[in-house]
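Quick look at data_28.csv (CSV, C-alpha atoms):
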chain,number,residue,atom,x,y,z
R,854,MET,CA,20.6,-50.3,-7.0
R,855,LYS,CA,22.2,-47.6,-9.0
R,856,GLU,CA,18.9,-46.1,-10.0
R,857,LYS,CA,17.7,-46.1,-6.3
R,858,ALA,CA,21.0,-44.4,-5.3
R,859,TRP,CA,20.5,-41.8,-8.0
R,860,ARG,CA,17.0,-41.1,-6.9
R,861,ARG,CA,18.1,-40.7,-3.3
R,862,ASN,CA,20.9,-38.3,-4.3
R,863,ARG,CA,18.5,-36.3,-6.5
R,864,MET,CA,16.0,-36.0,-3.6
R,865,ALA,CA,18.7,-35.0,-1.2
R,866,ARG,CA,19.9,-32.3,-3.7
R,867,GLN,CA,16.3,-31.0,-4.1
R,868,GLU,CA,15.8,-30.9,-0.3
R,869,ARG,CA,19.1,-28.9,0.1
R,870,GLU,CA,18.0,-26.5,-2.6
R,871,THR,CA,14.6,-26.0,-0.9
R,872,GLN,CA,16.2,-25.4,2.4
R,873,TYR,CA,18.6,-22.9,0.8
R,874,LEU,CA,15.8,-21.0,-0.9
R,875,SER,CA,13.9,-20.9,2.3
R,876,THR,CA,16.9,-19.5,4.1
R,877,VAL,CA,17.4,-16.8,1.5
R,878,LYS,CA,13.7,-15.9,1.7
R,879,ASN,CA,13.7,-15.6,5.4
R,880,ALA,CA,16.8,-13.4,5.3
R,881,LEU,CA,15.0,-11.1,2.9
R,882,ARG,CA,11.9,-11.1,5.1
R,883,ILE,CA,14.1,-10.0,8.0
R,884,LEU,CA,15.6,-7.1,6.0
R,885,ASN,CA,12.1,-6.1,4.9
R,886,SER,CA,10.9,-5.9,8.5
R,887,PHE,CA,13.0,-2.8,9.2
R,888,SER,CA,11.2,0.5,8.5
R,889,MET,CA,11.3,4.2,9.4
R,890,GLU,CA,8.7,3.4,12.1
R,891,GLN,CA,10.8,0.5,13.4
R,892,PRO,CA,14.4,1.1,12.6
R,893,GLU,CA,15.7,-1.2,15.3
R,894,LEU,CA,14.5,-4.7,16.2
R,895,ARG,CA,15.4,-7.4,18.6
R,896,VAL,CA,15.7,-11.1,17.7
R,897,SER,CA,12.5,-11.8,19.7
R,898,ASP,CA,10.6,-9.1,17.8
R,899,LEU,CA,11.6,-10.6,14.4
R,900,ALA,CA,10.9,-14.1,15.5
R,901,ALA,CA,7.4,-13.2,16.7
R,902,SER,CA,6.5,-11.1,13.6
R,903,LEU,CA,7.9,-13.6,11.1
R,904,GLY,CA,6.8,-16.8,12.8
R,905,LEU,CA,10.3,-18.2,13.1
R,906,ASN,CA,12.2,-19.6,16.0
R,907,LYS,CA,14.7,-17.3,17.8
R,908,SER,CA,17.7,-19.5,17.0
R,909,ALA,CA,17.0,-19.4,13.2
R,910,VAL,CA,16.6,-15.6,13.3
R,911,SER,CA,19.7,-15.2,15.4
R,912,ARG,CA,21.8,-17.3,12.8
R,913,LEU,CA,20.4,-15.3,9.9
R,914,LEU,CA,21.1,-12.0,11.6
R,915,SER,CA,24.7,-13.1,12.4
R,916,THR,CA,25.2,-13.9,8.7
R,917,LEU,CA,23.7,-10.6,7.5
R,918,ALA,CA,25.8,-8.7,10.1
R,919,SER,CA,29.0,-10.4,8.8
R,920,GLU,CA,28.2,-9.0,5.3
R,921,GLY,CA,27.4,-5.6,6.6
R,922,TYR,CA,23.6,-5.7,5.9
R,923,VAL,CA,22.7,-5.3,9.6
R,924,VAL,CA,24.5,-4.0,12.7
R,925,LYS,CA,23.9,-5.0,16.3
R,926,ASP,CA,23.9,-2.4,19.1
R,927,PRO,CA,25.9,-4.1,22.0
R,928,GLU,CA,24.0,-2.1,24.6
R,929,THR,CA,20.4,-2.5,23.5
R,930,GLN,CA,20.9,-5.9,21.8
R,931,LYS,CA,18.8,-4.5,18.9
R,932,TYR,CA,19.7,-4.7,15.2
R,933,ARG,CA,19.4,-2.0,12.6
R,934,LEU,CA,20.2,-1.9,8.9
R,935,GLY,CA,23.9,-1.6,8.0
R,936,LEU,CA,25.7,0.7,5.5
R,937,ARG,CA,25.8,-2.1,2.9
R,938,ILE,CA,22.1,-1.4,2.3
R,939,LEU,CA,22.9,2.3,1.7
R,940,THR,CA,25.4,1.3,-1.0
R,941,LEU,CA,22.9,-0.9,-2.8
R,942,ASN,CA,20.3,1.9,-2.6
R,943,SER,CA,22.7,4.4,-4.1
R,944,ILE,CA,23.5,2.0,-7.0
R,945,VAL,CA,19.8,1.5,-7.7
R,946,THR,CA,18.6,5.1,-7.6
R,947,SER,CA,21.6,6.5,-9.4
R,948,ASN,CA,20.9,4.2,-12.4
R,949,LEU,CA,17.2,4.7,-12.6
R,950,GLU,CA,16.6,6.9,-15.6
R,951,ILE,CA,13.4,8.3,-14.2
R,952,ASN,CA,15.2,9.5,-11.1
R,953,ARG,CA,17.9,11.3,-13.2
R,954,GLU,CA,15.3,13.0,-15.3
R,955,ALA,CA,13.0,13.9,-12.4
R,956,ARG,CA,15.4,15.5,-10.0
R,957,PRO,CA,15.8,18.9,-11.6
R,958,VAL,CA,12.1,19.1,-12.4
R,959,LEU,CA,11.2,18.2,-8.8
R,960,ARG,CA,13.6,20.9,-7.5
R,961,LYS,CA,12.0,23.5,-9.7
R,962,LEU,CA,8.6,22.4,-8.5
R,963,VAL,CA,9.6,22.8,-4.9
R,964,GLN,CA,11.0,26.2,-5.5
R,965,GLU,CA,7.8,27.3,-7.2
R,966,ILE,CA,5.3,25.8,-4.7
R,967,GLY,CA,7.4,25.5,-1.5
R,968,GLU,CA,6.1,22.0,-0.6
R,969,ALA,CA,7.7,18.6,-0.9
R,970,ALA,CA,7.7,16.9,-4.3
R,971,HIS,CA,8.0,13.2,-5.2
R,972,ILE,CA,8.2,10.6,-7.9
R,973,ALA,CA,6.3,7.5,-7.1
R,974,VAL,CA,5.7,4.2,-8.8
R,975,LEU,CA,3.2,1.3,-8.3
R,976,GLU,CA,4.5,-1.9,-6.8
R,977,GLY,CA,1.9,-4.5,-6.1
R,978,ASN,CA,-0.9,-2.8,-4.2
R,979,GLU,CA,1.2,0.0,-2.8
R,980,VAL,CA,2.8,3.2,-4.0
R,981,VAL,CA,6.6,3.6,-3.5
R,982,TYR,CA,8.5,6.8,-3.5
R,983,LEU,CA,11.6,6.7,-5.7
R,984,GLU,CA,12.7,10.3,-5.5
R,985,GLN,CA,12.0,13.2,-3.2
R,986,VAL,CA,12.9,16.9,-2.9
R,987,GLU,CA,12.1,18.1,0.6
R,988,SER,CA,9.9,21.1,1.5
R,989,GLN,CA,11.5,24.5,2.2
R,990,HIS,CA,9.5,24.8,5.4
R,991,HIS,CA,10.7,23.9,8.9
R,992,VAL,CA,7.5,21.9,9.6
R,993,ARG,CA,7.4,19.0,7.1
R,994,ILE,CA,5.3,16.0,6.3
R,995,LEU,CA,7.1,12.7,7.1
R,996,SER,CA,8.0,11.1,3.8
R,997,TYR,CA,11.1,9.4,2.5
R,998,VAL,CA,12.5,7.5,-0.5
R,999,GLY,CA,11.3,3.9,-0.2
R,1000,ARG,CA,8.2,4.8,1.8
R,1001,ARG,CA,5.1,2.8,0.9
R,1002,ASN,CA,1.6,4.2,0.9
R,1003,PRO,CA,-1.8,2.8,0.0
R,1004,ILE,CA,-3.2,3.3,-3.5
R,1005,HIS,CA,-6.8,4.2,-3.0
R,1006,CYS,CA,-6.4,7.2,-0.7
R,1007,THR,CA,-3.3,9.0,-2.0
R,1008,SER,CA,-3.1,11.3,-5.1
R,1009,SER,CA,-0.1,9.4,-6.6
R,1010,GLY,CA,-1.8,6.1,-5.9
R,1011,LYS,CA,-5.0,7.0,-7.6
R,1012,VAL,CA,-3.2,8.5,-10.6
R,1013,MET,CA,-1.2,5.2,-11.0
R,1014,LEU,CA,-4.3,3.1,-10.5
R,1015,ALA,CA,-6.4,5.1,-13.1
R,1016,PHE,CA,-4.1,4.1,-16.0
R,1017,GLN,CA,-3.7,0.4,-15.2
R,1018,HIS,CA,-5.4,-2.4,-17.2
R,1019,PRO,CA,-9.1,-2.6,-16.5
R,1020,ASP,CA,-8.7,-6.1,-15.1
R,1021,PHE,CA,-6.2,-4.8,-12.6
R,1022,ILE,CA,-8.5,-2.0,-11.6
R,1023,GLU,CA,-11.5,-4.3,-11.1
R,1024,ASN,CA,-9.5,-6.8,-9.1
R,1025,PHE,CA,-8.2,-4.0,-6.9
R,1026,LEU,CA,-11.7,-2.7,-6.3
R,1027,LYS,CA,-12.9,-6.1,-5.2
R,1028,GLN,CA,-10.7,-5.9,-2.2
R,1029,ARG,CA,-11.7,-4.3,1.1
R,1030,LEU,CA,-10.6,-0.6,0.9
R,1031,GLU,CA,-9.3,0.4,4.3
R,1032,ARG,CA,-10.6,3.6,5.9
R,1033,TYR,CA,-7.8,5.8,7.2
R,1034,THR,CA,-9.7,8.9,7.9
R,1035,SER,CA,-13.3,10.1,7.6
R,1036,ALA,CA,-12.5,11.4,4.1
R,1037,THR,CA,-11.1,8.1,2.8
R,1038,VAL,CA,-13.1,6.8,-0.2
R,1039,THR,CA,-14.1,3.1,0.4
R,1040,ASP,CA,-17.0,2.8,-2.0
R,1041,PRO,CA,-15.7,1.2,-5.2
R,1042,ASP,CA,-18.3,3.0,-7.4
R,1043,VAL,CA,-17.2,6.4,-6.1
R,1044,LEU,CA,-13.6,5.5,-6.7
R,1045,ARG,CA,-14.4,4.3,-10.2
R,1046,ARG,CA,-15.8,7.7,-11.0
R,1047,GLN,CA,-12.8,9.4,-9.6
R,1048,LEU,CA,-10.5,7.3,-11.7
R,1049,GLU,CA,-12.5,8.3,-14.8
R,1050,GLU,CA,-12.0,11.9,-14.0
R,1051,ILE,CA,-8.3,11.4,-13.5
R,1052,ARG,CA,-8.0,9.8,-16.9
R,1053,ALA,CA,-9.8,12.8,-18.4
R,1054,THR,CA,-7.8,15.4,-16.6
R,1055,ASP,CA,-4.4,13.8,-16.0
R,1056,PHE,CA,-4.7,15.1,-12.4
R,1057,CYS,CA,-5.7,14.0,-8.9
R,1058,SER,CA,-6.0,15.9,-5.6
R,1059,SER,CA,-6.4,14.2,-2.2
R,1060,VAL,CA,-7.5,16.2,0.8
R,1061,GLY,CA,-7.1,14.4,4.2
R,1062,GLU,CA,-7.9,10.9,2.8
R,1063,PHE,CA,-4.8,9.2,4.1
R,1064,LEU,CA,-3.6,11.6,6.8
R,1065,PRO,CA,-6.3,14.0,8.1
R,1066,ASP,CA,-4.2,17.2,7.9
R,1067,VAL,CA,-2.4,16.5,4.6
R,1068,VAL,CA,-3.2,17.6,1.1
R,1069,SER,CA,-1.5,16.1,-2.0
R,1070,PHE,CA,-1.7,16.6,-5.8
R,1071,ALA,CA,-0.5,14.2,-8.5
R,1072,SER,CA,-0.2,13.8,-12.3
R,1073,PRO,CA,1.0,10.9,-14.4
R,1074,VAL,CA,4.4,10.4,-16.0
R,1075,ARG,CA,4.6,8.5,-19.3
R,1076,ASP,CA,7.5,6.9,-21.1
R,1077,TYR,CA,8.2,6.8,-24.9
R,1078,THR,CA,5.6,4.0,-25.3
R,1079,LYS,CA,2.9,6.3,-23.8
R,1080,LYS,CA,2.5,4.0,-20.8
R,1081,VAL,CA,2.0,5.6,-17.4
R,1082,ILE,CA,5.0,4.5,-15.4
R,1083,ALA,CA,5.0,6.9,-12.4
R,1084,ALA,CA,3.4,9.9,-10.8
R,1085,VAL,CA,4.6,13.3,-9.8
R,1086,SER,CA,3.1,14.5,-6.5
R,1087,VAL,CA,3.3,17.5,-4.3
R,1088,ILE,CA,2.3,17.1,-0.6
R,1089,GLY,CA,1.9,19.5,2.3
R,1090,PRO,CA,-0.2,20.3,5.4
R,1091,ARG,CA,-3.7,21.7,5.0
R,1092,HIS,CA,-3.0,24.8,7.0
R,1093,ARG,CA,-0.4,25.9,4.5
R,1094,ILE,CA,-2.1,25.0,1.3
R,1095,LYS,CA,-5.3,26.9,0.9
R,1096,SER,CA,-8.1,26.0,-1.6
R,1097,GLN,CA,-7.5,29.1,-3.7
R,1098,GLN,CA,-4.0,27.8,-4.4
R,1099,TYR,CA,-5.3,24.5,-5.9
R,1100,PRO,CA,-5.6,25.7,-9.5
R,1101,VAL,CA,-2.1,27.1,-9.6
R,1102,ILE,CA,-0.6,23.9,-8.0
R,1103,LYS,CA,-2.6,21.7,-10.4
R,1104,ASN,CA,-1.1,23.5,-13.5
R,1105,LYS,CA,2.4,23.3,-12.1
R,1106,VAL,CA,2.2,19.6,-11.2
R,1107,ILE,CA,0.7,18.7,-14.6
R,1108,LYS,CA,3.4,20.7,-16.3
R,1109,ALA,CA,6.2,19.0,-14.2
R,1110,ALA,CA,4.8,15.5,-15.1
R,1111,ARG,CA,4.7,16.3,-18.8
R,1112,GLU,CA,8.2,17.7,-18.7
R,1113,ILE,CA,9.6,14.5,-17.1
R,1114,SER,CA,7.5,12.5,-19.6
R,1115,ARG,CA,9.2,14.4,-22.5
R,1116,ASN,CA,12.6,13.8,-21.0
R,1117,LEU,CA,11.7,10.0,-21.1
R,1118,GLY,CA,10.8,10.2,-24.8
R,1119,TYR,CA,7.1,10.7,-24.5
R,1120,TYR,CA,5.6,12.7,-27.4
R,1121,HIS,CA,2.2,14.3,-27.0
R,1122,ALA,CA,0.7,15.5,-30.3
Is it possible to express this structure as structure tokens?
Amino acid sequence: MKEKAWRRNRMARQERETQYLSTVKNALRILNSFSMEQPELRVSDLAASLGLNKSAVSRLLSTLASEGYVVKDPETQKYRLGLRILTLNSIVTSNLEINREARPVLRKLVQEIGEAAHIAVLEGNEVVYLEQVESQHHVRILSYVGRRNPIHCTSSGKVMLAFQHPDFIENFLKQRLERYTSATVTDPDVLRRQLEEIRATDFCSSVGEFLPDVVSFASPVRDYTKKVIAAVSVIGPRHRIKSQQYPVIKNKVIKAAREISRNLGYYHA
């Protein structure tokens, strides 16, 4: 009898733990649903996109709102991220060594070139911007810290991919490469050759591959172990960045990436 009771209690505890973890996961899925493109969402929007019932989403949003992670607009009945998220973001970015080392270098790069500069890292099958210094021009390319872009058609993505383990590269190339513009490379063999060139030159340029009227340039950032951990990139519209400027921009981007690498302890003999 005692053993049966013990088993029932253990199963009940395991069930409660499973439910708790599921609740936490769904709360995180809700937070991850907000984006620059969709900064405000209704309960029904979230329920439909996440495959949850409205009452469950409503309860989770109420809990998140009580802690300041989301805010509800009483007029539109839509939710948006709360200031608590901003506090956490500030804690993360201010304590990332690469951000601290990159900021002054990115500012100098923007002053010299006049276009926006970023530090990006690889997360899963996407590139994420960690730091950004905006362009000096009034007309700017939409980008922001935390933005996620595809790997295979962005200069920072290709730079990061080029220096990954060969198994990672081959597994990535087995996937279907989505075409975003007529210039997007979707042939794995062509992309392999591009990655080889990137490894040889420490540089990548991308012209209209992700967005048709956008040009970007990137170079790898290494840490003290010589591992590529990030990419410096410069991005701007094609009508402002002419082909004759490419060699100058290439040299400045590579120089900036190497300066940040040295600041992180990388030594290049």
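Residues with any atom within 9 Å of region 907-915 of chain R, counting only C-alpha atoms and excluding same-chain neighbours fewer than 4 positions away, are Thr876, Asn879, Ala880, Ile883, Val896, Ser897, Leu899, Ala900, Ala901, Ser919, Glu920, Tyr922, Val923, Val924, Lys925 and Tyr932 of chain R.
Distance-wise, CA of Asn1116 (chain R) and CA of Arg953 (chain R) end up 9.8 Å apart.
Our summary of the geometry notes that CA of Met1013 (chain R) is positioned 20.0 Å from CA of Val986 (chain R).
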So, with only C-alpha atoms as the atoms that count, which of R:Ser988, R:Thr1039, R:Ser1069, R:Thr1054 lies closest to Gly1010 (chain R)? R:Ser1069
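For the pair CA of Val974 (chain R) and CA of Ala1084 (chain R), the separation is 6.5 Å.
Look at region 1097-1108 of chain R: the protein and nucleic acid residues within 8 Å of it, using only C-alpha atoms and passing over chain neighbours fewer than 3 places away, are Leu962, Ile966, Asp1055, Phe1056, Phe1070, Ala1071, Ser1072, Pro1073, Val1085, Ser1086, Val1087, Ile1094, Arg1111 and Glu1112 of chain R.
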Using only C-alpha atoms, the best pick from R:Val1068, R:Ile938, R:Val1012, R:Thr1078 as closest to Leu1044 (chain R) would be R:Val1012
Would you mind telling me which residue in R:Gly1118, R:Pro892, R:Pro1065, R:Pro1041 lies nearest to Leu1026 (chain R) when using all atoms listed in the file? R:Pro1041
